[in-house]
file coords_10.cif (mmCIF, C-alpha atoms and all ligand atoms)
data_entry
#
loop_
_atom_site.label_atom_id
_atom_site.label_comp_id
_atom_site.auth_asym_id
_atom_site.auth_seq_id
_atom_site.Cartn_x
_atom_site.Cartn_y
_atom_site.Cartn_z
CA MET B 1 -73.24 47.15 -35.64
CA TYR B 2 -70.64 44.39 -35.18
CA ASP B 3 -68.06 46.62 -33.47
CA ILE B 4 -67.35 44.41 -30.47
CA LEU B 5 -66.97 41.12 -32.35
CA ARG B 6 -63.68 39.38 -33.07
CA CYS B 7 -62.71 36.62 -35.43
CA PRO B 8 -63.41 33.23 -33.83
CA VAL B 9 -60.39 31.72 -35.62
CA CYS B 10 -57.58 34.24 -35.03
CA GLY B 11 -59.04 36.86 -32.69
CA GLU B 12 -58.53 39.83 -35.07
CA ASN B 13 -61.25 42.49 -35.39
CA LEU B 14 -64.08 41.76 -37.79
CA THR B 15 -65.38 44.13 -40.48
CA ALA B 16 -68.86 43.88 -42.01
CA GLU B 17 -69.20 44.31 -45.77
CA GLY B 18 -71.28 42.86 -48.60
CA GLY B 19 -73.27 40.41 -46.51
CA ARG B 20 -70.30 38.94 -44.65
CA LEU B 21 -67.93 39.57 -41.78
CA PHE B 22 -64.21 39.17 -42.34
CA CYS B 23 -60.89 39.72 -40.59
CA THR B 24 -57.58 41.01 -41.98
CA ARG B 25 -56.21 37.45 -42.10
CA GLY B 26 -58.84 36.38 -44.60
CA HIS B 27 -61.29 34.46 -42.40
CA SER B 28 -64.78 35.16 -43.65
CA PHE B 29 -68.29 34.47 -42.31
CA ASP B 30 -71.42 34.84 -44.41
CA MET B 31 -74.58 36.46 -43.08
CA ALA B 32 -77.58 34.13 -43.33
CA LYS B 33 -80.62 35.50 -45.17
CA GLU B 34 -82.40 36.07 -41.86
CA GLY B 35 -79.57 38.41 -40.83
CA TYR B 36 -77.43 36.47 -38.36
CA VAL B 37 -73.92 35.12 -38.66
CA ASN B 38 -72.50 31.77 -37.61
CA LEU B 39 -69.28 32.35 -35.66
CA LEU B 40 -68.87 28.84 -34.27
CA SER B 41 -65.26 28.01 -35.05
CA GLY B 42 -64.18 24.70 -36.57
CA GLY B 43 -64.77 21.61 -34.50
CA HIS B 44 -67.41 23.21 -32.31
CA LYS B 45 -70.83 21.69 -32.65
CA SER B 46 -73.95 23.81 -32.94
CA GLY B 47 -76.86 23.53 -30.52
CA GLU B 48 -78.86 21.24 -32.77
CA GLU B 49 -76.15 18.62 -32.48
CA ILE B 50 -75.96 18.92 -28.71
CA GLY B 51 -79.64 18.95 -27.95
CA ASP B 52 -81.72 22.06 -28.66
CA ASN B 53 -83.96 21.13 -31.53
CA ARG B 54 -86.49 22.94 -33.66
CA GLN B 55 -89.44 21.82 -31.58
CA MET B 56 -87.94 23.23 -28.38
CA ALA B 57 -87.14 26.51 -30.10
CA ARG B 58 -90.69 26.80 -31.43
CA SER B 59 -92.26 25.88 -28.08
CA ARG B 60 -90.19 28.50 -26.33
CA LYS B 61 -91.18 31.13 -28.84
CA ASN B 62 -94.91 30.22 -28.76
CA PHE B 63 -95.00 30.40 -25.00
CA LEU B 64 -92.88 33.49 -24.37
CA ASP B 65 -94.54 35.54 -27.13
CA LYS B 66 -97.82 35.26 -25.21
CA GLY B 67 -96.24 37.35 -22.45
CA TYR B 68 -96.41 34.82 -19.61
CA TYR B 69 -92.91 35.78 -18.43
CA SER B 70 -93.24 39.52 -19.05
CA PRO B 71 -92.85 40.33 -15.31
CA LEU B 72 -89.28 39.06 -15.60
CA ALA B 73 -88.65 41.05 -18.78
CA ASP B 74 -90.06 44.18 -17.10
CA ALA B 75 -87.79 43.81 -14.09
CA ALA B 76 -84.80 43.39 -16.41
CA ALA B 77 -85.83 46.46 -18.43
CA GLY B 78 -85.91 48.46 -15.19
CA LEU B 79 -82.26 47.56 -14.56
CA LEU B 80 -81.28 48.74 -18.03
CA GLU B 81 -83.09 52.03 -17.51
CA GLN B 82 -81.27 52.53 -14.22
CA ARG B 83 -77.79 51.87 -15.61
CA GLN B 84 -78.10 53.32 -19.13
CA PRO B 85 -75.53 51.01 -20.77
CA LYS B 86 -74.24 51.65 -24.32
CA THR B 87 -73.47 48.03 -25.23
CA VAL B 88 -75.91 45.31 -24.21
CA LEU B 89 -75.43 41.58 -24.78
CA ASP B 90 -77.96 38.77 -24.41
CA ILE B 91 -75.86 35.67 -23.62
CA CYS B 92 -77.61 32.43 -24.68
CA CYS B 93 -80.39 34.55 -26.17
CA GLY B 94 -82.46 31.55 -27.28
CA GLU B 95 -85.19 32.52 -29.74
CA GLY B 96 -84.79 36.17 -28.84
CA TYR B 97 -87.89 37.01 -26.79
CA TYR B 98 -85.91 38.97 -24.16
CA THR B 99 -83.54 40.45 -26.76
CA GLU B 100 -86.50 41.91 -28.61
CA TYR B 101 -88.43 42.98 -25.52
CA LEU B 102 -85.46 44.72 -23.93
CA SER B 103 -84.22 46.41 -27.10
CA LYS B 104 -87.70 47.85 -27.66
CA ARG B 105 -88.02 49.04 -24.08
CA TYR B 106 -84.50 50.48 -23.79
CA ARG B 107 -83.39 52.52 -26.79
CA GLY B 108 -80.10 53.83 -25.42
CA GLY B 109 -77.74 51.05 -26.46
CA SER B 110 -76.52 48.69 -29.20
CA PHE B 111 -77.87 45.19 -28.65
CA TYR B 112 -76.07 41.92 -29.36
CA GLY B 113 -77.19 38.36 -28.75
CA PHE B 114 -75.81 34.89 -29.29
CA ASP B 115 -76.67 31.27 -28.69
CA ILE B 116 -75.11 27.95 -29.60
CA SER B 117 -78.29 26.80 -31.34
CA LYS B 118 -78.54 27.91 -34.96
CA GLU B 119 -82.29 27.37 -34.94
CA MET B 120 -82.72 29.57 -31.87
CA VAL B 121 -80.60 32.34 -33.42
CA ARG B 122 -82.49 32.04 -36.72
CA LEU B 123 -85.80 32.62 -34.91
CA ALA B 124 -84.26 35.50 -32.95
CA ALA B 125 -83.01 37.13 -36.18
CA LYS B 126 -86.47 36.84 -37.73
CA ARG B 127 -87.71 39.21 -35.05
CA ARG B 128 -85.76 41.99 -36.85
CA CYS B 129 -85.40 43.98 -33.66
CA GLY B 130 -82.11 45.61 -34.63
CA ALA B 131 -79.88 43.41 -32.46
CA SER B 132 -76.73 41.90 -33.99
CA LEU B 133 -77.11 38.15 -33.62
CA PHE B 134 -74.63 35.33 -34.00
CA VAL B 135 -74.13 31.65 -33.26
CA ALA B 136 -71.39 31.01 -30.72
CA ASN B 137 -70.42 28.93 -27.70
CA ILE B 138 -70.11 30.49 -24.21
CA SER B 139 -66.82 28.65 -23.77
CA ARG B 140 -65.26 30.75 -26.58
CA ILE B 141 -67.18 33.97 -27.11
CA PRO B 142 -66.06 35.87 -30.24
CA ILE B 143 -66.24 39.25 -28.47
CA ARG B 144 -63.31 41.53 -27.61
CA ASP B 145 -62.06 41.85 -24.03
CA GLU B 146 -63.89 44.38 -21.82
CA SER B 147 -66.26 45.60 -24.51
CA VAL B 148 -69.74 44.97 -22.98
CA ASP B 149 -71.40 47.34 -20.48
CA PHE B 150 -74.35 45.13 -19.57
CA ALA B 151 -75.05 41.47 -20.24
CA PHE B 152 -78.19 39.41 -19.68
CA HIS B 153 -77.94 35.70 -19.14
CA PHE B 154 -81.23 33.91 -18.53
CA PHE B 155 -81.63 30.20 -17.69
CA ALA B 156 -78.49 28.96 -19.36
CA PRO B 157 -75.10 27.45 -18.57
CA PHE B 158 -72.63 29.83 -16.89
CA HIS B 159 -68.99 30.44 -17.88
CA SER B 160 -67.55 32.89 -15.38
CA GLY B 161 -64.15 33.21 -17.08
CA GLU B 162 -65.47 34.19 -20.52
CA PHE B 163 -68.24 36.39 -19.10
CA TYR B 164 -65.74 38.25 -16.92
CA ARG B 165 -63.36 38.73 -19.84
CA ILE B 166 -65.89 40.44 -22.13
CA ILE B 167 -67.56 42.70 -19.52
CA LYS B 168 -66.07 46.17 -19.00
CA GLN B 169 -64.63 47.21 -15.66
CA GLY B 170 -67.63 48.65 -13.80
CA GLY B 171 -70.02 46.71 -16.05
CA MET B 172 -72.75 44.31 -15.00
CA LEU B 173 -73.94 40.81 -15.76
CA VAL B 174 -77.49 39.93 -14.77
CA THR B 175 -78.30 36.27 -14.63
CA ALA B 176 -81.80 34.84 -14.10
CA ILE B 177 -82.38 31.56 -12.31
CA PRO B 178 -85.67 29.84 -11.44
CA GLY B 179 -86.93 30.66 -7.94
CA LYS B 180 -87.94 28.00 -5.37
CA ARG B 181 -91.62 28.02 -6.34
CA HIS B 182 -91.18 28.49 -10.08
CA LEU B 183 -93.79 26.40 -11.95
CA PHE B 184 -94.81 24.57 -8.79
CA GLY B 185 -98.40 24.31 -10.05
CA LEU B 186 -97.15 22.55 -13.19
CA LYS B 187 -95.03 20.16 -11.12
CA GLN B 188 -98.06 19.32 -8.94
CA VAL B 189 -99.82 18.06 -12.07
CA LEU B 190 -96.82 16.12 -13.37
CA TYR B 191 -95.49 14.48 -10.22
CA ASP B 192 -96.90 12.74 -7.13
CA THR B 193 -94.29 14.38 -4.90
CA PRO B 194 -93.20 17.69 -6.43
CA TYR B 195 -90.06 19.36 -5.06
CA GLU B 196 -89.20 23.04 -4.84
CA ASN B 197 -86.21 24.23 -6.91
CA ASP B 198 -82.97 24.62 -4.97
CA GLU B 199 -82.37 28.21 -6.17
CA ALA B 200 -78.64 27.48 -6.30
CA LEU B 201 -76.57 30.41 -7.54
CA PRO B 202 -74.01 29.75 -10.27
CA ASP B 203 -70.31 30.03 -9.47
CA VAL B 204 -69.80 33.64 -10.59
CA GLY B 205 -65.99 33.55 -10.30
CA ASN B 206 -64.48 37.04 -9.91
CA PHE B 207 -67.80 38.89 -10.23
CA LYS B 208 -69.26 40.45 -7.11
CA ILE B 209 -72.94 39.73 -6.47
CA THR B 210 -74.39 43.10 -5.49
CA ARG B 211 -78.13 42.50 -5.62
CA LYS B 212 -80.71 39.73 -5.90
CA ILE B 213 -84.18 40.62 -7.12
CA LYS B 214 -87.11 38.23 -6.72
CA VAL B 215 -89.80 38.38 -9.37
CA ARG B 216 -93.04 36.53 -8.54
CA ASP B 217 -96.40 36.21 -10.22
CA GLU B 218 -99.13 33.70 -11.00
CA ILE B 219 -100.15 32.70 -14.51
CA THR B 220 -103.17 30.83 -15.83
CA LEU B 221 -103.00 28.88 -19.08
CA THR B 222 -106.28 27.95 -20.72
CA ASP B 223 -104.93 26.71 -24.04
CA SER B 224 -103.59 23.14 -24.10
CA GLU B 225 -101.06 24.15 -26.75
CA ASP B 226 -99.58 26.67 -24.27
CA MET B 227 -99.45 23.98 -21.58
CA LEU B 228 -97.56 21.66 -23.90
CA SER B 229 -95.22 24.46 -25.03
CA LEU B 230 -94.47 25.24 -21.39
CA LEU B 231 -93.71 21.61 -20.66
CA GLN B 232 -91.51 21.32 -23.75
CA MET B 233 -89.38 24.29 -22.74
CA THR B 234 -88.61 22.87 -19.30
CA PRO B 235 -86.30 20.00 -18.30
CA TYR B 236 -89.40 18.20 -16.91
CA TYR B 237 -90.31 17.28 -20.47
CA TYR B 238 -87.62 14.60 -20.43
CA HIS B 239 -88.35 13.29 -16.94
CA THR B 240 -92.12 13.13 -16.80
CA PRO B 241 -93.99 9.82 -16.74
CA THR B 242 -96.63 9.44 -19.49
CA GLU B 243 -99.47 9.63 -16.93
CA GLY B 244 -98.24 13.07 -15.93
CA ILE B 245 -98.29 14.30 -19.53
CA ASN B 246 -101.76 12.79 -20.07
CA LYS B 247 -103.01 14.54 -16.92
CA LEU B 248 -101.67 17.85 -18.19
CA CYS B 249 -103.26 17.40 -21.63
CA ALA B 250 -106.65 16.68 -20.01
CA LEU B 251 -106.72 19.97 -18.05
CA SER B 252 -108.95 22.81 -19.18
CA SER B 253 -106.79 25.31 -17.34
CA LEU B 254 -103.54 25.38 -15.41
CA THR B 255 -102.66 27.97 -12.79
CA THR B 256 -99.12 28.10 -11.52
CA GLU B 257 -96.75 30.33 -9.63
CA ILE B 258 -93.82 31.72 -11.56
CA GLU B 259 -90.80 32.87 -9.61
CA PHE B 260 -87.40 34.08 -10.77
CA VAL B 261 -84.28 35.47 -9.16
CA LEU B 262 -82.35 38.16 -11.02
CA VAL B 263 -78.78 38.07 -9.76
CA CYS B 264 -76.77 41.24 -10.41
CA CYS B 265 -73.05 40.54 -10.78
CA GLU B 266 -70.65 43.49 -11.02
CA LYS B 267 -67.11 43.59 -12.36
C1 LIG E 1 -83.33 27.46 -21.40
S1 LIG E 1 -82.72 28.23 -22.84
C2 LIG E 1 -82.83 29.96 -22.42
C3 LIG E 1 -82.85 30.85 -23.63
C4 LIG E 1 -83.15 32.33 -23.33
N1 LIG E 1 -82.13 32.93 -22.51
C5 LIG E 1 -84.51 32.46 -22.67
O1 LIG E 1 -84.56 32.65 -21.46
O2 LIG E 1 -85.51 32.35 -23.39
C6 LIG E 1 -80.99 27.89 -22.73
C7 LIG E 1 -80.23 28.33 -23.96
O3 LIG E 1 -78.82 28.16 -23.75
C8 LIG E 1 -78.26 27.78 -24.98
N2 LIG E 1 -76.96 27.14 -24.71
C9 LIG E 1 -76.74 25.96 -24.08
N3 LIG E 1 -75.41 25.71 -24.03
C10 LIG E 1 -74.79 26.76 -24.64
C11 LIG E 1 -73.43 27.07 -24.91
N4 LIG E 1 -72.43 26.25 -24.55
N5 LIG E 1 -73.14 28.22 -25.56
C12 LIG E 1 -74.14 29.06 -25.95
N6 LIG E 1 -75.45 28.80 -25.72
C13 LIG E 1 -75.78 27.67 -25.08
C14 LIG E 1 -79.28 26.84 -25.58
O4 LIG E 1 -79.12 26.68 -26.97
C15 LIG E 1 -80.59 27.54 -25.20
O5 LIG E 1 -81.04 28.41 -26.20
ZN ZN E 2 -59.37 35.70 -38.49
#
call {"tool": "encode", "arguments": {"input": "coords_10.cif", "output": "C-alpha cells"}}
result
Amino acid sequence: MYDILRCPVCGENLTAEGGRLFCTRGHSFDMAKEGYVNLLSGGHKSGEEIGDNRQMARSRKNFLDKGYYSPLADAAAGLLEQRQPKTVLDICCGEGYYTEYLSKRYRGGSFYGFDISKEMVRLAAKRRCGASLFVANISRIPIRDESVDFAFHFFAPFHSGEFYRIIKQGGMLVTAIPGKRHLFGLKQVLYDTPYENDEALPDVGNFKITRKIKVRDEITLTDSEDMLSLLQMTPYYYHTPTEGINKLCALSSLTTEIEFVLVCCEK
C-alpha cells in the first residue's frame, strides 16, 4: 500500500506496521486516525501555514462533490482506461474529489495522493477510497525514483524536476489547467471588465507534451451556498470588490461556461 514511498528524512524505503511508517534508520511517522500520514520533513511548513485553510478545503469539497466538474473527471478517467497504469498518483490532491472519482472508475491500479495542506489530506482520507494519502511538498516528494506509471496534477503549482524524477520511463503526467473561457459567467458577475484566462502551459521541463484535450461544458448553480463555495475555491475570492460579491449573493441562479485543458506529458 505504501510501496513507492521513501523516508522524507534519509530517503530509505518505508515499511508500514502498527499504525506507522518507519525506515531502517529509525525515522518514524504515525498514521493519523483518518488514515493518512504526514511526511513533511522538518522545517517544511504545511499548507495551513502557507495559505490553504479549512474554509477553502470545505468549499472545494462542497462544490466538487455536487459533480459540477465531473466532465473533467470523466475525461481523466478515459485516459486511465486507455493506458491501464498500475501505479497512479494524484499530485496536490486537495480534498480528494478526483482521487476518489478516479479510483472508483479505474480499478486496475494502486492509488496514491498527496498535498501540502494537512486539512485537505484529512478530508481526502475521510473519503476512505482506498488511496494511500500523505502530506508532502512538491519540491521534495517522498516517492522513489521512477516508480509512478501515471500521475494527475490538477490546478496546482508545477515542479518539473521532481515530477520527472518519480515518473517511470514511458509513464505519463496529466496536468489540468483552466481554459480561456473557464468560469467566464462568474467573472461577468464579479467584474466590470472580465478577462479570459491566458491558458498558459506550465514549464514541463524534460517531459514531452503529446496531447492536449479540451473539456468544455456549461453549469447552472441555483444554490447561493454553491455560488459562494465556487467563489471561495478560486483566486477571484481574494481580488473581488465587495459589490461583486454582493451581486453574486443576490443572484437566484448563475450559469457559466467551464473549460479545462488536460495536458498529457510523457517521459
Ligand atoms: C487549487 S487546489 C487543487 C486541488 C485538487 N487538485 C483539485 O483540483 O481539487 C491546489 C492545491 O495545491 C496544493 N499545493 C499548493 N502548493 C503545494 C506544494 N508546494 N506542495 C504540495 N501541494 C501544494 C494546495 O494545498 C491545494 O490543495
Ligand atoms: Zn529515514
call {"tool": "residues_around", "arguments": {"input": "coords_10.cif", "residues": "B:Thr175", "least_positions_apart": "5", "cutoff": "9 Å", "atoms": "all atoms listed in the file", "output": "compact mmCIF listing (two decimals) with C-alpha atoms, in the coordinates of the input"}}
result
# COMPACT_ATOMS: atom_id res chain seq x y z
CA ALA B 151 -75.05 41.47 -20.24
CA PHE B 152 -78.19 39.41 -19.68
CA HIS B 153 -77.94 35.70 -19.14
CA PHE B 154 -81.23 33.91 -18.53
CA PHE B 155 -81.63 30.20 -17.69
CA ALA B 156 -78.49 28.96 -19.36
CA PHE B 158 -72.63 29.83 -16.89
CA PRO B 202 -74.01 29.75 -10.27
CA VAL B 261 -84.28 35.47 -9.16
CA LEU B 262 -82.35 38.16 -11.02
CA VAL B 263 -78.78 38.07 -9.76
CA CYS B 264 -76.77 41.24 -10.41
CA CYS B 265 -73.05 40.54 -10.78
call {"tool": "closest_residue", "arguments": {"input": "coords_10.cif", "among": "B:Leu133, B:Leu231, B:Ala57, B:Ile258", "to": "B:Tyr112", "atoms": "only C-alpha atoms"}}
result
B:Leu133
call {"tool": "residues_around", "arguments": {"input": "coords_10.cif", "residues": "B:Ala75", "least_positions_apart": "5", "cutoff": "10 Å", "atoms": "all atoms listed in the file", "output": "PyMOL selection string"}}
result
chain B and resi 70+80+213-215+262
call {"tool": "write_last_selection", "arguments": {"input": "coords_10.cif", "atoms": "C-alpha atoms", "output": "PDB file, keeping the file's coordinate frame"}}
result
ATOM      1  CA  SER B  70     -93.240  39.520 -19.050  1.00  0.00           C
ATOM      2  CA  LEU B  80     -81.280  48.740 -18.030  1.00  0.00           C
ATOM      3  CA  ILE B 213     -84.180  40.620  -7.120  1.00  0.00           C
ATOM      4  CA  LYS B 214     -87.110  38.230  -6.720  1.00  0.00           C
ATOM      5  CA  VAL B 215     -89.800  38.380  -9.370  1.00  0.00           C
ATOM      6  CA  LEU B 262     -82.350  38.160 -11.020  1.00  0.00           C
TER       7      LEU B 262
END
call {"tool": "residues_near_ligand", "arguments": {"input": "coords_10.cif", "ligand": "ligand ZN 2 (chain E)", "cutoff": "8 Å", "atoms": "only C-alpha atoms and all ligand atoms", "output": "list in words"}}
result
Arg6, Cys7, Pro8, Val9, Cys10, Gly11, Glu12, Asn13, Leu14, Phe22, Cys23, Thr24, Arg25, Gly26, His27 and Ser28 of chain B
call {"tool": "closest_atom_pairs", "arguments": {"input": "coords_10.cif", "of": "chain B", "to": "ligand LIG 1 (chain E)", "cutoff": "10 Å", "atoms": "only C-alpha atoms and all ligand atoms", "output": "CSV"}}
result
residue,atom,partner,partner_atom,distance
B:Leu40,CA,E:LIG1,N5,9.7
B:His44,CA,E:LIG1,N4,9.7
B:Lys45,CA,E:LIG1,N4,9.4
B:Ser46,CA,E:LIG1,O4,8.4
B:Gly47,CA,E:LIG1,O4,5.3
B:Glu48,CA,E:LIG1,O4,8.0
B:Ile50,CA,E:LIG1,N3,8.3
B:Gly51,CA,E:LIG1,O4,7.8
B:Asp52,CA,E:LIG1,O4,5.6
B:Asn53,CA,E:LIG1,O4,8.7
B:Met56,CA,E:LIG1,O5,8.9
B:Ala57,CA,E:LIG1,O5,7.5
B:Arg60,CA,E:LIG1,O2,6.7
B:Lys61,CA,E:LIG1,O2,8.0
B:Phe63,CA,E:LIG1,O2,9.8
B:Leu64,CA,E:LIG1,O2,7.5
B:Tyr69,CA,E:LIG1,O1,9.4
B:Leu72,CA,E:LIG1,O1,9.9
B:Ala73,CA,E:LIG1,O1,9.7
B:Asp90,CA,E:LIG1,N1,7.4
B:Ile91,CA,E:LIG1,N1,6.9
B:Cys92,CA,E:LIG1,N6,4.4
B:Cys93,CA,E:LIG1,N1,4.4
B:Gly94,CA,E:LIG1,O5,3.6
B:Glu95,CA,E:LIG1,O2,6.4
B:Gly96,CA,E:LIG1,O2,6.7
B:Tyr97,CA,E:LIG1,O2,6.2
B:Tyr98,CA,E:LIG1,O2,6.7
B:Thr99,CA,E:LIG1,N1,8.8
B:Gly113,CA,E:LIG1,N1,9.6
B:Phe114,CA,E:LIG1,C12,6.9
B:Asp115,CA,E:LIG1,N6,4.1
B:Ile116,CA,E:LIG1,C12,3.9
B:Ser117,CA,E:LIG1,O4,4.4
B:Lys118,CA,E:LIG1,O4,8.1
B:Glu119,CA,E:LIG1,O4,8.6
B:Met120,CA,E:LIG1,O5,6.0
B:Val121,CA,E:LIG1,O5,8.2
B:Val135,CA,E:LIG1,C12,7.8
B:Ala136,CA,E:LIG1,C12,5.8
B:Asn137,CA,E:LIG1,N5,3.5
B:Ile138,CA,E:LIG1,N5,4.0
B:Ser139,CA,E:LIG1,N4,6.2
B:Arg140,CA,E:LIG1,N5,8.3
B:Ile141,CA,E:LIG1,N5,8.4
B:Phe152,CA,E:LIG1,N1,8.1
B:His153,CA,E:LIG1,N1,6.0
B:Phe154,CA,E:LIG1,N1,4.2
B:Phe155,CA,E:LIG1,C2,4.9
B:Ala156,CA,E:LIG1,C6,4.3
B:Pro157,CA,E:LIG1,N3,5.7
B:Phe158,CA,E:LIG1,N4,8.5
B:His159,CA,E:LIG1,N4,8.6
B:Thr175,CA,E:LIG1,N1,9.4
B:Ala176,CA,E:LIG1,O1,8.2
B:Ile177,CA,E:LIG1,O1,9.5
B:Met233,CA,E:LIG1,C1,7.0
B:Thr234,CA,E:LIG1,C1,7.3
B:Pro235,CA,E:LIG1,C1,8.6
call {"tool": "residues_around", "arguments": {"input": "coords_10.cif", "residues": "B:Cys129", "least_positions_apart": "5", "cutoff": "12 Å", "atoms": "all atoms listed in the file", "output": "PDB file with C-alpha atoms, in the coordinates of the input"}}
result
ATOM      1  CA  GLU B  34     -82.400  36.070 -41.860  1.00  0.00           C
ATOM      2  CA  GLY B  35     -79.570  38.410 -40.830  1.00  0.00           C
ATOM      3  CA  TYR B  36     -77.430  36.470 -38.360  1.00  0.00           C
ATOM      4  CA  GLY B  96     -84.790  36.170 -28.840  1.00  0.00           C
ATOM      5  CA  TYR B  97     -87.890  37.010 -26.790  1.00  0.00           C
ATOM      6  CA  TYR B  98     -85.910  38.970 -24.160  1.00  0.00           C
ATOM      7  CA  THR B  99     -83.540  40.450 -26.760  1.00  0.00           C
ATOM      8  CA  GLU B 100     -86.500  41.910 -28.610  1.00  0.00           C
ATOM      9  CA  TYR B 101     -88.430  42.980 -25.520  1.00  0.00           C
ATOM     10  CA  LEU B 102     -85.460  44.720 -23.930  1.00  0.00           C
ATOM     11  CA  SER B 103     -84.220  46.410 -27.100  1.00  0.00           C
ATOM     12  CA  LYS B 104     -87.700  47.850 -27.660  1.00  0.00           C
ATOM     13  CA  ARG B 105     -88.020  49.040 -24.080  1.00  0.00           C
ATOM     14  CA  TYR B 106     -84.500  50.480 -23.790  1.00  0.00           C
ATOM     15  CA  ARG B 107     -83.390  52.520 -26.790  1.00  0.00           C
ATOM     16  CA  SER B 110     -76.520  48.690 -29.200  1.00  0.00           C
ATOM     17  CA  PHE B 111     -77.870  45.190 -28.650  1.00  0.00           C
ATOM     18  CA  TYR B 112     -76.070  41.920 -29.360  1.00  0.00           C
ATOM     19  CA  GLY B 113     -77.190  38.360 -28.750  1.00  0.00           C
ATOM     20  CA  LEU B 123     -85.800  32.620 -34.910  1.00  0.00           C
ATOM     21  CA  ALA B 124     -84.260  35.500 -32.950  1.00  0.00           C
TER      22      ALA B 124
END
call {"tool": "closest_residue", "arguments": {"input": "coords_10.cif", "among": "B:Asp30, B:Asp145, B:Glu243, B:Asp223", "to": "B:Leu5", "atoms": "all atoms listed in the file"}}
result
B:Asp145
call {"tool": "closest_residue", "arguments": {"input": "coords_10.cif", "among": "B:Ser147, B:Asn197, B:Tyr68, B:Arg122", "to": "B:Ser229", "atoms": "all atoms listed in the file"}}
result
B:Tyr68
call {"tool": "atom_distance", "arguments": {"input": "coords_10.cif", "atom1": "atom CA of B:Glu266", "atom2": "atom CA of B:His182"}}
result
25.4 Å
call {"tool": "build_atoms", "arguments": {"input": "coords_10.cif", "residues": "stretch 53-69 of chain B", "atoms": "N, CA and C atoms", "output": "JSON list (two decimals), keeping the file's coordinate frame"}}
result
[["chain", "number", "residue", "atom", "x", "y", "z"],
["B", 53, "ASN", "N", -83.44, 21.35, -30.20],
["B", 53, "ASN", "CA", -83.96, 21.13, -31.53],
["B", 53, "ASN", "C", -85.02, 22.15, -31.92],
["B", 54, "ARG", "N", -85.51, 22.00, -33.13],
["B", 54, "ARG", "CA", -86.49, 22.94, -33.66],
["B", 54, "ARG", "C", -87.75, 23.02, -32.82],
["B", 55, "GLN", "N", -88.20, 21.85, -32.36],
["B", 55, "GLN", "CA", -89.44, 21.82, -31.58],
["B", 55, "GLN", "C", -89.31, 22.63, -30.30],
["B", 56, "MET", "N", -88.16, 22.48, -29.62],
["B", 56, "MET", "CA", -87.94, 23.23, -28.38],
["B", 56, "MET", "C", -87.90, 24.73, -28.66],
["B", 57, "ALA", "N", -87.26, 25.09, -29.75],
["B", 57, "ALA", "CA", -87.14, 26.51, -30.10],
["B", 57, "ALA", "C", -88.54, 27.09, -30.36],
["B", 58, "ARG", "N", -89.34, 26.32, -31.10],
["B", 58, "ARG", "CA", -90.69, 26.80, -31.43],
["B", 58, "ARG", "C", -91.57, 26.88, -30.19],
["B", 59, "SER", "N", -91.46, 25.88, -29.32],
["B", 59, "SER", "CA", -92.26, 25.88, -28.08],
["B", 59, "SER", "C", -91.92, 27.09, -27.23],
["B", 60, "ARG", "N", -90.65, 27.36, -27.14],
["B", 60, "ARG", "CA", -90.19, 28.50, -26.33],
["B", 60, "ARG", "C", -90.77, 29.79, -26.89],
["B", 61, "LYS", "N", -90.68, 29.91, -28.20],
["B", 61, "LYS", "CA", -91.18, 31.13, -28.84],
["B", 61, "LYS", "C", -92.70, 31.27, -28.65],
["B", 62, "ASN", "N", -93.44, 30.18, -28.91],
["B", 62, "ASN", "CA", -94.91, 30.22, -28.76],
["B", 62, "ASN", "C", -95.29, 30.68, -27.37],
["B", 63, "PHE", "N", -94.64, 30.11, -26.39],
["B", 63, "PHE", "CA", -95.00, 30.40, -25.00],
["B", 63, "PHE", "C", -94.61, 31.82, -24.60],
["B", 64, "LEU", "N", -93.36, 32.18, -24.85],
["B", 64, "LEU", "CA", -92.88, 33.49, -24.37],
["B", 64, "LEU", "C", -93.59, 34.64, -25.09],
["B", 65, "ASP", "N", -93.87, 34.46, -26.38],
["B", 65, "ASP", "CA", -94.54, 35.54, -27.13],
["B", 65, "ASP", "C", -95.92, 35.86, -26.58],
["B", 66, "LYS", "N", -96.50, 34.95, -25.80],
["B", 66, "LYS", "CA", -97.82, 35.26, -25.21],
["B", 66, "LYS", "C", -97.69, 36.10, -23.95],
["B", 67, "GLY", "N", -96.46, 36.40, -23.55],
["B", 67, "GLY", "CA", -96.24, 37.35, -22.45],
["B", 67, "GLY", "C", -96.29, 36.75, -21.05],
["B", 68, "TYR", "N", -96.29, 35.42, -20.94],
["B", 68, "TYR", "CA", -96.41, 34.82, -19.61],
["B", 68, "TYR", "C", -95.26, 35.22, -18.68],
["B", 69, "TYR", "N", -94.07, 35.43, -19.26],
["B", 69, "TYR", "CA", -92.91, 35.78, -18.43],
["B", 69, "TYR", "C", -92.58, 37.28, -18.51]]
